[in-house]
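Here the structure comes first, spelled out in structure tokens, and everything after it is commentary.
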Amino acid sequence: MLQKLDELFKEFQNTLNTINTQADVLNLKSEYLGKKGPISDILKGLKNATVEERKDLGPKANQIKNEIQELTVKKLAFIETEAINQKLASEKIDTSLLNSVMVHGQEHGGFHPITKIQQEIEDIFLSMGFGILDGPHIEDEFHNFEALNVPSDHPARDMQDTFWLQGSETPEGERHLLRTHTSCVQVHGMLANKPPFKFIAPGKVFRCERTDASHESVFHQLEGMLVGKDISVGNLIYFMKTLLSEIFKKEVEVRLRPGFFPFVEPGFELDIRCLICNGKGCSVCKQVGWVELLPCGMVHPNVLKAGNIDPNEWNGFAFGLGLDRLVMMRYGIDDIRHLQSGDVRFVSQFKSY
Amino acid sequence: MLISIDWIKDFAKLPVVDPQELAIKFTMGTAEVEDVILSDVYLENISVAEITKIDQHPDADKLNLVSFNTGTTEKQVVCGAGNVKVGMKVPYAPLGTEFPNGLVLEPKKIRGVLSEGMLCSEEELNLAKESSGLMELNDSATLGQNMLEYLKVKTDILLDIDNKSLTHRPDLWGHFGLAREFSAVFKSQFVNPYDGNWTKKLEKNFNKEASPICPKVEKDSCCKAYFGLSLKNIKVTDSPKWMTDRLTAVGLRPINNIVDISNYVMLELGIPLHIFDRSLIEGEKIVIGKVQDETIFVTLDEIERKLITGDTVISDSSKPLVLAGIMGGLNSGVSNNTSDIFIEVANWKAAEVRKTSTRLGLRTDSSQRYEKTLDSQLCYKTLLRTLELILELCPGAEVIGRPEYAGDDLSKIKSLEIQTTANSICKQLGKEIDQKEIVSIFESLDFLVETRADQLKITVPTYRATKDIDCEADLVEEIGRIIGYDNISPCSPLLEVSPVKLDPAQKLHREIKNFLVNNGGCFEVMTYPLVGEKLLKKADLLTGLEIKILNDLSKDNDRLRSSMIPGFLQAIALNSKHEDEVKIFELGRTYHPSKKGFSEDRNIVAAAFFSKEGNSFLELSNASERLLNNLNIPGTLEKKHPKFKNMAIDEEWSGLHPYEFFNIKVMGKPLGSVFSIHPLMLRNFKIKGHLSIMLLDLSSFEGRPLKEKTKYRPISKFPGSHFDYTVEVERELQVGNVLEVLQKIKLKEALKHSVLDIFQGSGDKRSVTIRTLFGDPEKTLSGDFLKEAEQTIINQLQKSGFPLK
């Protein structure tokens with residue numbers, strides 16, 4: 001009898017290997033395990049067997065039943081997977097046709113590099129507690145010059161070639177102009193806030209200057225101002241060093257040297273150790289190892305006065321960064337005119353993050 | 001501006017330092033040195049040699065093999081000069097010598113014979129413009145002596161200083177003042193030869209004779225001070241070598257001793273002066289006054305200048321002689337025959353000199369200095385120094401009379417005094433500095449210091465107080481720059497902590513940019529805010545109301561944009577040449593005249609979708625709708641309204657597509673628009689394809705924070721049900737017409753109607769399948785109710801001309 005069971009099981013396995021449909025498998029299973037199936041027959045015959053025989057035969061029959069059950073489930077799962085895989089094979093798409101290989105369609109969008117660097121700097125200053133201010137591009141002489149300690153006969157007005165606007169003369173003789181620097185926002189900021197305060201002001205500025213690869217009449221600056229009590233040159237150096245190390249993502253060596261700007265006293269030119277040659281001298285730094293980066297200084301008492309702030313009680317520092325220059329330095333851009341060309345071949349090179 | 005260190009050493013005992021070091025220290029302490037030039041150093045390499053033998057070159061007729069003695073060895077060169085002869089002494093340049101023209105002597109064979117250097121001509125040594133043959137040296141010249149010694153030339157270090165960094169320092173426009181500065185920077189001794197004794201010695205030349213010329217200053221002129229001195233028995237010749245060397249070194253061309261003296265004194269003391277040929281002055285008076293009527297005046301450079309009312313001139317009884325502070329006239333200049341002269345040392349008002357020189361486009365060494373505001377008190381010293389040099393260079397010259405003065409009362413010029421303390425200076429710099437050191441720095445810069453305990457009373461030298469120094473902050477700079485800003489350690493200030501954040505407009509701007517880049521797939525661009533008539537005409541957007549620039553650089557950029565469209569048409573025209581599809585945007589400003597103030601800047605978002613083959617109007621409209629929804633801007637896209645005209649674009653503009661147009665209504669106002677550009681306008685810009693533009697004016701709502709209006713509602717427990725149905729729509733009509741009918745049905749359980757499918761049949765009708773969602777938050781809708789509602793919808797559509805299919 002035991003032998004018969006083994007033979008039956010072998011027979012089942014052989015048949016199972018030859019069939020390939022769900023129905024056939026189910027039929028085969030019920031054929032063997034059904035009430036009238038051979039295994040049932042053997043089990044029915046158990047009552048005629050000896051106690052000894054029963055002891056072996058019972059468990060053996062159950063074991064074979066279970067194995068048939070298990071093989072059936074496996075086979076069914078195999079058939080189903082095969083069917084699905086076949087369907088997937090027939091529905092196969094051409095995965096090589098990404099947008100990036102097609103003629104049509106932009107692959108991605110992107111920010112203008114000025115926006116990127118501006119937001120980056122804004123975030124650095126926000127994290128240090130500076131607010132962000134904005135101001136009009138069209139200003140009057142008071143905000144652009146007078147309040148910044150540049151009276152009308154001051155030679156400094158030579159340094160800033162101003163675009164004057166037509167029909168702008170007020171009855172008091174004040175003329176309107178396109179702001180030549182973001183420093184005007186210092187004046188707005190002082191008049192709108194009570195010290196202590198600190199803010200930055202990014203934006204477009206305009207100079208009546210011929211355009212070439214390194215000069216634009218429309219460009220971008222970022223002004224900064226901090227007014228408080230007992231602010232020192234040491235404090236200014238601290239903020240500039242922190243800012244520049246964040247921007248260039250490494251420790252930056254800076255140096256201050258005297259520079260003349262009417263709205264600050266003392267005034268400085270801030271140089272950074274050339275990042276290209278680490279100060280050894282190269283074409284970027286004109287062999288001197290330092291690159292002139294930004295003008296800054298302690299706010300002139302006359303400027304504070306024009307902003308209704310008592311210079312005997314308060315003082316502070318201010319600085320101005322040229323954003324176009326920073327962008328050009330970071331990406332090695334050779335011509336400033338690309339920035340406002342609207343050319344997608346240019347802007348598409350700067351991806352976000 | 002070039003300055004000569006040799007000249008500076010007349011007054012400053014500078015330590016011996018490397019020229020580069022000199023430049024760096026001056027840059028860090030005073031003003032930017034842009035370049036360091038070492039003059040004549042190549043002469044040190046070149047030495048006296050004597051020709052000992054001349055042989056014919058074996059392979060060349062015109063070349064000789066010249067042997068010579070350098071004092072230590074015999075050498076041979078190949079030489080083509082015609083004047084070679086044995087016994088002649090000549091300058092010899094060994095291999096490695098670098099000439100002023102950049103040529104470096106390298107070992108080289110000439111027609112097969114090695115030449116060990118070069119024998120030089122005067123031209124090669126930069127001693128003459130041209131020369132033929134070798135330079136012949138004195139027979140007595142010592143062999144081996146270098147040419148610097150032979151020619152008695154001193155090498156010099158020239159520093160090129162950035163003029164702009166001296167804008168506020170008129171005292172540094174002469175070597176005397178620079179020397180004082182160098183002494184302070186290098187903490188070395190400053191020698192002032194122009195002291196009281198010197199003055200007395202020169203004043204001995206004055207006498208009781210009547211001065212032949214006296215100045216008279218008219219009240220309204222720009223003259224602050226005017227000294228005149230007459231001399232006779234002048235002999236005009238060439239200047240001595242020491243003077244021409246110095247003038248040449250700093251870039252001035254020597255002319256004759258008198259003209260050279262006036263330049264030399266200006267470059268030394270920083271005060272310009274003018275010397276007239278006295279015989280050309282008519283009458284006994286010169287008058288300093290304003291031009292009354294427009295007149296033509298020929299300046300020394302032989303150019304006719306048109307003078308206008310208000311320009312100050314110095315005139316004799318019949319004609320103008322000098323354009324005050326700028327340039328003398330051709331009619332009274334010193335010539336080779338001059339024997340009588342009149343010296344003018346004057347001071348002029350900076351602003352007026354600047355105005356006239358700017359108008360005439362005539363910036364001279366003189367006007368550049370006056371523009372910086374000079375100190376009248378230096379005029380007398382300048383006059384004496386001029387006299388000293390004239391007497392030195394023309395020993396026969398004699399003064400007639402004495403200096404004649406006109407102008408402001410010089411004794412009334414008060415010194416500026418500023419009160420400060422060492423502590424205050426240290427606090428502002430952020431560095432501890434000893435009071436003694438502070439006092440010594442001030443003194444080295446010629447400031448007078450009176451110390452009373454910790455109080456310092458500083459008297460500013462008058463030449464520093466004309467514009468530069470007027471308050472304590474200016475004193476802080478003096479100490480800071482001499483101490484060296486490098487010696488100040490960075491440290492954070494103690495500041496109150498307060499929250500900061502972007503204001504609503506800044507936040508909105510960032511969100512818009514983020515959305516358009518990350519969701520809209522656009523590139524951010526910047527188009528030019530300055531435009532011109534040509535472009536505006538091409539875009540048919542010339543209103544004449546644009547804000548115009550008075551001093552434009554080009555007609556293409558002579559006004560401010562009042563619309564983003566022309567710039568965008570230009571940008572698309574450029575990009576459509578290279579791309580089949582372009583999506584760009586800009587958040588920029590437009591500029592408009594304003595009734596309230598002079599003008600108004602408006603922040604505008606502009607986006608443009610271009611497609612060579614397709615139509616991007618719907619894509620852009622969808623993006624615009626998503627922008628409003630994502631940013632929670634209360635806005636919708638709506639059709640043109642007969643009454644409420646769009647505020648972002650003129651609806652009559654010829655560039656508009658007749659059908660593809662939406663108002664973007666924000667808070668009830670049509671502040672923006674999505675539209676396509678008319679093919680005829682595209683043709684103007686040579687754009688081949690389809691272009692849609694979105695404009696949204698943010699200025700009226702960006703400043704207000706958006707209120708959080710979201711109210712949570714529990715998710716409905718009762719399932720809704722769909723009703724799909726198909727209606728027939730005339731091809732002429734829009735599906736939107738069907739939706740409008742549906743929206744008018746008053747049935748609160750009909751939550752939403754949306755288009756499921758459109759079938760474009762072959763006839764003149766389209767089949768549109770619509771899905772209506774029914775639902776009620778309170779209950780499950782009954783089958784009877786749904787049947788009734790569906791019937792209502794079908795009936796209404798039928799009535800409106802959209803029968804069920």
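Identifiers in the structure tokens: chain A, B, ... in order shown; residue index from 1 per chain; ligand index from 1 in order shown.
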
Just the residues within 7 Å of segment 227-241 of chain A, please, counting only C-alpha atoms, with nothing from its chain fewer than 6 positions along; format it as a PDB file with N, CA and C atoms, in the first residue's frame.
```pdb
ATOM      1  N   PRO A 195      16.218 102.906  15.244  1.00  0.00           N
ATOM      2  CA  PRO A 195      17.348 102.037  15.572  1.00  0.00           C
ATOM      3  C   PRO A 195      17.124 101.358  16.928  1.00  0.00           C
ATOM      4  N   PRO A 196      17.771 100.229  17.213  1.00  0.00           N
ATOM      5  CA  PRO A 196      18.698  99.541  16.321  1.00  0.00           C
ATOM      6  C   PRO A 196      17.974  98.760  15.225  1.00  0.00           C
ATOM      7  N   PHE A 197      18.611  98.636  14.061  1.00  0.00           N
ATOM      8  CA  PHE A 197      18.040  97.817  12.998  1.00  0.00           C
ATOM      9  C   PHE A 197      19.159  97.328  12.092  1.00  0.00           C
ATOM     10  N   LYS A 198      18.833  96.329  11.321  1.00  0.00           N
ATOM     11  CA  LYS A 198      19.793  95.850  10.327  1.00  0.00           C
ATOM     12  C   LYS A 198      19.021  95.260   9.167  1.00  0.00           C
ATOM     13  N   VAL A 252      37.316  82.650   3.872  1.00  0.00           N
ATOM     14  CA  VAL A 252      37.825  83.626   2.917  1.00  0.00           C
ATOM     15  C   VAL A 252      38.671  84.640   3.675  1.00  0.00           C
ATOM     16  N   VAL A 254      40.058  88.248   4.052  1.00  0.00           N
ATOM     17  CA  VAL A 254      39.689  89.563   3.556  1.00  0.00           C
ATOM     18  C   VAL A 254      40.680  90.601   4.059  1.00  0.00           C
ATOM     19  N   GLU A 313      24.301 109.169  19.375  1.00  0.00           N
ATOM     20  CA  GLU A 313      23.780 108.038  20.131  1.00  0.00           C
ATOM     21  C   GLU A 313      23.978 106.722  19.367  1.00  0.00           C
ATOM     22  N   TRP A 314      23.859 106.799  18.057  1.00  0.00           N
ATOM     23  CA  TRP A 314      23.893 105.580  17.241  1.00  0.00           C
ATOM     24  C   TRP A 314      25.000 105.651  16.203  1.00  0.00           C
ATOM     25  N   ASN A 315      25.497 104.505  15.830  1.00  0.00           N
ATOM     26  CA  ASN A 315      26.373 104.450  14.657  1.00  0.00           C
ATOM     27  C   ASN A 315      26.181 103.107  13.969  1.00  0.00           C
ATOM     28  N   GLY A 316      26.917 102.861  12.916  1.00  0.00           N
ATOM     29  CA  GLY A 316      26.698 101.594  12.220  1.00  0.00           C
ATOM     30  C   GLY A 316      27.594 101.461  11.016  1.00  0.00           C
ATOM     31  N   PHE A 317      27.357 100.381  10.274  1.00  0.00           N
ATOM     32  CA  PHE A 317      28.137 100.194   9.057  1.00  0.00           C
ATOM     33  C   PHE A 317      27.227  99.910   7.875  1.00  0.00           C
TER      34      PHE A 317
ATOM     35  N   LYS B 427      36.978 102.759  20.442  1.00  0.00           N
ATOM     36  CA  LYS B 427      35.682 102.079  20.427  1.00  0.00           C
ATOM     37  C   LYS B 427      35.158 101.959  18.992  1.00  0.00           C
ATOM     38  N   GLN B 428      35.330 103.043  18.223  1.00  0.00           N
ATOM     39  CA  GLN B 428      34.802 103.014  16.855  1.00  0.00           C
ATOM     40  C   GLN B 428      35.605 102.097  15.941  1.00  0.00           C
ATOM     41  N   LEU B 429      36.897 101.939  16.269  1.00  0.00           N
ATOM     42  CA  LEU B 429      37.696 101.033  15.446  1.00  0.00           C
ATOM     43  C   LEU B 429      37.563  99.589  15.924  1.00  0.00           C
ATOM     44  N   GLY B 430      37.276  99.421  17.228  1.00  0.00           N
ATOM     45  CA  GLY B 430      37.248  98.073  17.772  1.00  0.00           C
ATOM     46  C   GLY B 430      38.653  97.568  18.043  1.00  0.00           C
ATOM     47  N   ILE B 488      42.990  95.045  12.950  1.00  0.00           N
ATOM     48  CA  ILE B 488      41.757  95.036  13.746  1.00  0.00           C
ATOM     49  C   ILE B 488      41.149  93.638  13.639  1.00  0.00           C
ATOM     50  N   SER B 489      40.853  93.028  14.781  1.00  0.00           N
ATOM     51  CA  SER B 489      40.307  91.663  14.743  1.00  0.00           C
ATOM     52  C   SER B 489      38.800  91.702  14.560  1.00  0.00           C
ATOM     53  N   PRO B 490      38.292  90.771  13.740  1.00  0.00           N
ATOM     54  CA  PRO B 490      36.841  90.710  13.574  1.00  0.00           C
ATOM     55  C   PRO B 490      36.171  90.271  14.875  1.00  0.00           C
ATOM     56  N   CYS B 491      35.060  90.912  15.225  1.00  0.00           N
ATOM     57  CA  CYS B 491      34.291  90.439  16.380  1.00  0.00           C
ATOM     58  C   CYS B 491      32.827  90.804  16.205  1.00  0.00           C
ATOM     59  N   SER B 492      31.970  89.931  16.678  1.00  0.00           N
ATOM     60  CA  SER B 492      30.531  90.147  16.509  1.00  0.00           C
ATOM     61  C   SER B 492      30.049  91.189  17.501  1.00  0.00           C
ATOM     62  N   PRO B 493      29.163  92.089  17.063  1.00  0.00           N
ATOM     63  CA  PRO B 493      28.598  93.041  18.028  1.00  0.00           C
ATOM     64  C   PRO B 493      27.576  92.332  18.913  1.00  0.00           C
TER      65      PRO B 493
END
```

Practice task
Show me which bits of chain A are within 7 Å of chain B, counting only C-alpha atoms, as a PyMOL selection string.
Solution key: chain A and resi 104-106+108-112+126+129-132+136+153+155+163-166+168+208+230-235+237-238+255-260+265-266+339-344+347-348

Exercise for the section: Skip Asn337 of chain B itself and residues of its chain fewer than 6 positions away, then list as a PyMOL selection string all residues within 12 Å of it, counting only C-alpha atoms. Expected result: chain B and resi 233-237+256+258+277-280

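The spacing separating atom CA of Lys154 of chain B from atom CA of Lys9 of chain B amounts to 12.5 Å.
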
Handout entry: Residue neighbourhood Asp6 of chain A, 12 Å, only C-alpha atoms, exclusion window fewer than 6 positions, as an MDAnalysis selection string
Key = chainID A and resid 12:13 38:39 42 57 60:61 63:65 67:68

Handout entry: Residues near Val322 of chain B, cut-off 12 Å, only C-alpha atoms, skip fewer than 4 positions along chain, as a PyMOL selection string
Key = chain B and resi 273-276+281+286-291+297-300+305+307+311-316+326-333+344+346

Restricted to C-alpha atoms, what would the selected residues look like written as an mmCIF file, in the first residue's frame?
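Final output, saved to selection_33.cif:
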```
data_model
loop_
_atom_site.group_PDB
_atom_site.id
_atom_site.type_symbol
_atom_site.label_atom_id
_atom_site.label_comp_id
_atom_site.auth_asym_id
_atom_site.auth_seq_id
_atom_site.Cartn_x
_atom_site.Cartn_y
_atom_site.Cartn_z
ATOM 1 C CA LEU B 273 49.839 128.197 -11.463
ATOM 2 C CA HIS B 274 50.038 130.094 -14.689
ATOM 3 C CA ILE B 275 52.851 132.164 -16.176
ATOM 4 C CA PHE B 276 52.047 134.900 -18.715
ATOM 5 C CA ILE B 281 49.125 141.879 -21.313
ATOM 6 C CA ILE B 286 44.081 142.284 -14.996
ATOM 7 C CA VAL B 287 40.499 141.693 -14.004
ATOM 8 C CA ILE B 288 39.120 138.404 -12.729
ATOM 9 C CA GLY B 289 35.445 138.270 -13.539
ATOM 10 C CA LYS B 290 32.667 136.465 -15.291
ATOM 11 C CA VAL B 291 32.186 136.402 -19.016
ATOM 12 C CA PHE B 297 38.551 131.970 -26.668
ATOM 13 C CA VAL B 298 41.544 130.099 -28.068
ATOM 14 C CA THR B 299 43.252 128.054 -25.360
ATOM 15 C CA LEU B 300 46.953 127.119 -25.294
ATOM 16 C CA ARG B 305 36.418 127.295 -26.986
ATOM 17 C CA LEU B 307 32.696 130.621 -23.347
ATOM 18 C CA ASP B 311 32.517 131.285 -16.911
ATOM 19 C CA THR B 312 35.262 133.056 -14.993
ATOM 20 C CA VAL B 313 38.177 134.464 -17.010
ATOM 21 C CA ILE B 314 41.220 136.556 -16.291
ATOM 22 C CA SER B 315 41.266 139.501 -18.729
ATOM 23 C CA ASP B 316 43.440 142.463 -19.497
ATOM 24 C CA ILE B 326 41.477 125.365 -16.448
ATOM 25 C CA MET B 327 43.872 126.611 -19.145
ATOM 26 C CA GLY B 328 45.685 129.711 -20.324
ATOM 27 C CA GLY B 329 45.120 131.425 -23.648
ATOM 28 C CA LEU B 330 47.254 131.169 -26.736
ATOM 29 C CA ASN B 331 47.380 134.968 -26.795
ATOM 30 C CA SER B 332 49.526 135.415 -23.672
ATOM 31 C CA GLY B 333 51.589 132.243 -23.341
ATOM 32 C CA GLU B 344 49.603 133.862 -11.286
ATOM 33 C CA ALA B 346 45.294 131.555 -7.522
#
```

I want to know what sits within 8 Å of Phe675 of chain B, based on only C-alpha atoms, with residues of the same chain fewer than 5 positions away left out; could you give that as a PDB file with N, CA and C atoms, in the first residue's frame?
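This is the output file around37.pdb:
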```pdb
ATOM      1  N   PHE B 617      -1.636  78.040 -25.716  1.00  0.00           N
ATOM      2  CA  PHE B 617      -2.522  78.928 -24.956  1.00  0.00           C
ATOM      3  C   PHE B 617      -3.152  78.217 -23.758  1.00  0.00           C
ATOM      4  N   LEU B 656      -3.066  91.531 -30.163  1.00  0.00           N
ATOM      5  CA  LEU B 656      -3.845  90.482 -29.500  1.00  0.00           C
ATOM      6  C   LEU B 656      -4.466  89.514 -30.494  1.00  0.00           C
ATOM      7  N   HIS B 657      -4.455  88.246 -30.149  1.00  0.00           N
ATOM      8  CA  HIS B 657      -5.162  87.199 -30.885  1.00  0.00           C
ATOM      9  C   HIS B 657      -6.663  87.428 -30.680  1.00  0.00           C
ATOM     10  N   GLU B 660      -8.064  83.980 -28.387  1.00  0.00           N
ATOM     11  CA  GLU B 660      -7.386  83.379 -27.235  1.00  0.00           C
ATOM     12  C   GLU B 660      -7.057  84.467 -26.213  1.00  0.00           C
ATOM     13  N   PHE B 661      -7.930  84.635 -25.260  1.00  0.00           N
ATOM     14  CA  PHE B 661      -7.790  85.718 -24.281  1.00  0.00           C
ATOM     15  C   PHE B 661      -8.532  85.382 -22.994  1.00  0.00           C
ATOM     16  N   PHE B 662      -7.888  85.580 -21.877  1.00  0.00           N
ATOM     17  CA  PHE B 662      -8.547  85.507 -20.564  1.00  0.00           C
ATOM     18  C   PHE B 662      -8.162  86.714 -19.729  1.00  0.00           C
ATOM     19  N   SER B 692       1.949  82.542 -26.622  1.00  0.00           N
ATOM     20  CA  SER B 692       0.987  83.042 -25.640  1.00  0.00           C
ATOM     21  C   SER B 692       1.745  83.686 -24.491  1.00  0.00           C
ATOM     22  N   ILE B 693       1.143  84.714 -23.942  1.00  0.00           N
ATOM     23  CA  ILE B 693       1.792  85.469 -22.868  1.00  0.00           C
ATOM     24  C   ILE B 693       0.834  85.615 -21.697  1.00  0.00           C
ATOM     25  N   MET B 694       1.375  85.538 -20.502  1.00  0.00           N
ATOM     26  CA  MET B 694       0.586  85.806 -19.302  1.00  0.00           C
ATOM     27  C   MET B 694       1.196  87.011 -18.609  1.00  0.00           C
TER      28      MET B 694
END
```

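By chain and then residue number, the residues within 8 Å of Ser673 of chain B are Asn646, Ala648, Ile649, Phe661, Phe662, Asn663, Ile664, Pro670, Met694, Leu695 and Leu696 of chain B, counting only C-alpha atoms and disregarding those fewer than 3 positions away in sequence.
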
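If you look at atom CA of Lys286 of chain A and atom CA of Tyr331 of chain A, they are 18.7 Å away from each other.
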
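Atom to atom, atom CA of Leu410 of chain B and atom CA of Val353 of chain B stand 20.5 Å apart.
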
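Nearest residue to Met128 of chain A among A:Asp24, A:Glu53, A:Pro301, A:Glu246 is A:Glu246, counting only C-alpha atoms.
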
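Using only C-alpha atoms for every distance, the candidate list A:Ser40, A:Asn27, A:Lys35, A:Pro202 yields A:Pro202 as the residue closest to Phe125 of chain A.
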
Practice task
Enumerate, as a ChimeraX atom specification, the complete set of residues in segment 7-196 of chain A that a backbone-based DSSP assignment places in strand (DSSP E or B).
Solution key: /A:110,131-132,138-140,164-165,176-178

Save the residues we just selected, C-alpha atoms, as a PDB file, in the first residue's frame?
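Okay, out-v8.pdb is ready:
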```pdb
ATOM      1  CA  GLY A 110      15.512  77.174 -13.830  1.00  0.00           C
ATOM      2  CA  GLY A 131      15.476  92.175   7.316  1.00  0.00           C
ATOM      3  CA  ILE A 132      15.126  92.682   3.571  1.00  0.00           C
ATOM      4  CA  ILE A 138      13.190 105.889  -9.899  1.00  0.00           C
ATOM      5  CA  GLU A 139      14.442 108.169  -7.171  1.00  0.00           C
ATOM      6  CA  ASP A 140      14.854 111.843  -6.461  1.00  0.00           C
ATOM      7  CA  TRP A 164      18.462 111.808 -15.388  1.00  0.00           C
ATOM      8  CA  LEU A 165      14.781 111.673 -16.299  1.00  0.00           C
ATOM      9  CA  HIS A 176      14.373 112.570 -10.676  1.00  0.00           C
ATOM     10  CA  LEU A 177      16.794 109.919 -11.810  1.00  0.00           C
ATOM     11  CA  LEU A 178      17.369 106.202 -12.070  1.00  0.00           C
TER      12      LEU A 178
END
```

Exercise for the section: as a ChimeraX atom specification, list the residues of segment 726-799 of chain B assigned to alpha helix (DSSP H) by DSSP on the backbone atoms of this structure. Expected result: /B:735-744,783-799
